[in-house]
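*Asks:* This structure is in structure tokens; I'll ask about it shortly.
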Amino acid sequence: MQPKPEQYSFDFHKETAEIVAESRDELNVRLGEFAGPLDLLLYLIRQEQANIFDIPIAKITDEYLNYIRLMKSLDIAVAADFLVMAAQLIEIKSRMLLPRDPLAEAEEEIEDPRKELVDRLLEYEKFKAAAEMLYERTTIEQAVFPRGRIESDDGNSEISATVFDLLTVFEKVLSRHKEEVTMEIQREEISLADMIRKLKERLKMIGEINVGEFFSELDSRRELVTAFVAVLEIVRVENVLLVQRKTFGNIFLKGQKEG
Amino acid sequence: MAQSAEAKEQRELSELSSAVEALIFVADEPISTRLISEVLEEEKELIESVVEEIARSYDERDSGLQIRSVAGGWQIATRTELHEYIRKFLKTRPSAKLSLAALETLAVIAYKQPVTVPEILEIRGVQSASAIKTLLEKRLIVTKGHKETVGRPMLYGTSREFLLHFGLKDLSDLPSIEDFEDLVS
């Protein structure tokens, strides 16, 4: 048998607390393997080898706050849920420091300020174990291959789509639509040859053309460019002159008498 | 032929067994005992025992295949031990697994369903919005209407896909959450 390929992104049993910034995570933060504040707290308690029913709250609170400071120093945005837990820990810590009310009756059961937290931790721990079970089941399931699909109408994914699939597709279509830039592109109305012909005809008719006036007749940028090039062309090839009678005056296109 | 009552009676058990095996083979998804019994026009109890007999025969001859019960039906699949050969042939790697956050959220939904987002937050101590989105996209969970309380929050539960993905017969196939309590302590 070949060695097993490296395939898992995390290990449930790993006890290291390396700090990783995981930007795609829901909280923009992931402290090593910690899925949330309760997870981190459980880890710290286990690190201290403390009894969960008798949490050394001062010590654990300090360590918890250290982690949060570490996260901040690493420029990781600390998720609100982690801060909420920090506040709760500090509150419990301060309540533990308060002396007992000497007037309270001796028999009266004073509830441990830690009790609510312990209950939550115990409840959470069960689901963490259940998550681990699901993880292990995935590993087993990924080693089982059912028969490949047989071509049939029933298996048509178009038919077996759920409402959720439709929504996903609809979203995609919408976003694609947004990306489409509508742009009207006009065809070139007049070719260079046509423009030259037009100029020549007019020259024949009226002898000279005020170039400025001719340009102002045209409306599109494209036509203007074509006209400009046509003027240059006609001067180059034909027996035509550009005349400017005074400085900054109008420029005329003037046909020369056939020499 | 097979439709007539006498022919059916005469049909030998071996032929029935072959037919059952063939149906399990061609079914794209786990096929239920009820569906097999409808197609072959036989009692469900008989079909059940025939399937179990086929499954046993696979085990006895150390077949590379197995017949297993998953998501309320029967499925023919390869044996787990052989996955390395199969992967080498298919040139595939195991697909990406769910994140820790998604797995925890899924565990809460599986055991507490139907459950709302605030209830999940209460147990996990952390927002689960993106995990829920991932699970919905992977079709492991489905919405189960609204809870009739203030704000009518959306209820979530696991899907059939969930059973398939984790190779569960049905939800009762999950170990009970109290078992984890013992495990933890």
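To be explicit about the labels: the chains of the structure tokens are called A, B, and onward in the order shown, and within each one the residues are counted from 1, while ligands get numbers from 1 in the order they are shown.
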Select from chain B everything DSSP, run on the backbone, classes as alpha helix (DSSP H), then give the selection as a PyMOL selection string.

*Replies:* chain B and resi 5-10+13-26+33-40+44-60+83-90+100-112+117-124+129-137+160-165+177-184

*Asks:* List as a list in words the protein and nucleic acid residues near segment 155-169 of chain B, meaning an atom at most 6 Å away when only C-alpha atoms are counted, but skip any in the same chain fewer than 3 places from it.

*Replies:*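 In the requested form, the answer reads Arg137 and Thr138 of chain A; Ser69, Val70, Ala71, Gly72, Ile109, Ala110, Gln113, Pro114, Val115, Thr116, Leu140, Ile141, Val142, Thr143, Lys144, Gly145, His146 and Asp173 of chain B.
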
*Asks:* Export, as a short mmCIF file (atom, residue, chain, number, x, y, z; two decimals), in the first residue's frame, the selected residues with C-alpha atoms.

*Replies:*
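Output file again_9.cif is given in full below:
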```cif
data_model
loop_
_atom_site.label_atom_id
_atom_site.label_comp_id
_atom_site.auth_asym_id
_atom_site.auth_seq_id
_atom_site.Cartn_x
_atom_site.Cartn_y
_atom_site.Cartn_z
CA ARG A 137 -17.87 9.80 9.04
CA THR A 138 -16.87 12.03 6.10
CA SER B 69 -28.30 0.81 3.67
CA VAL B 70 -28.10 4.56 3.31
CA ALA B 71 -30.62 7.44 3.26
CA GLY B 72 -33.57 5.09 3.48
CA ILE B 109 -28.73 21.50 13.24
CA ALA B 110 -28.70 17.71 12.98
CA GLN B 113 -33.71 20.35 14.18
CA PRO B 114 -35.78 22.23 13.33
CA VAL B 115 -33.62 24.99 14.74
CA THR B 116 -33.22 28.75 14.27
CA LEU B 140 -26.74 19.42 3.49
CA ILE B 141 -29.43 21.48 5.19
CA VAL B 142 -32.77 22.80 4.06
CA THR B 143 -35.14 25.44 5.37
CA LYS B 144 -38.10 24.09 7.27
CA GLY B 145 -40.44 27.07 7.37
CA HIS B 146 -40.63 29.75 10.04
CA ASP B 173 -28.81 6.25 12.83
#
```

*Asks:* Could you list, as an MDAnalysis selection string, every residue of chain B that has an atom within 7 Å of an atom of chain A, counting only C-alpha atoms?

*Replies:* chainID B and resid 28 76:80 83 94 100:101 103:104 107:108 123:126 130 165:167 177 180:181 184

*Asks:* Which polymer residues have any atom within 8 Å of an atom of Lys44 of chain B, counting only C-alpha atoms, with same-chain residues fewer than 3 positions away left out, as an MDAnalysis selection string?

*Replies:* chainID B and resid 33:34 37 47:48

*Asks:* Can you work out which one of B:Leu106, B:Ser172, B:Leu135, B:Ile54 has the shortest atom-to-atom distance to Ser14 of chain B, counting only C-alpha atoms?

*Replies:* B:Ile54
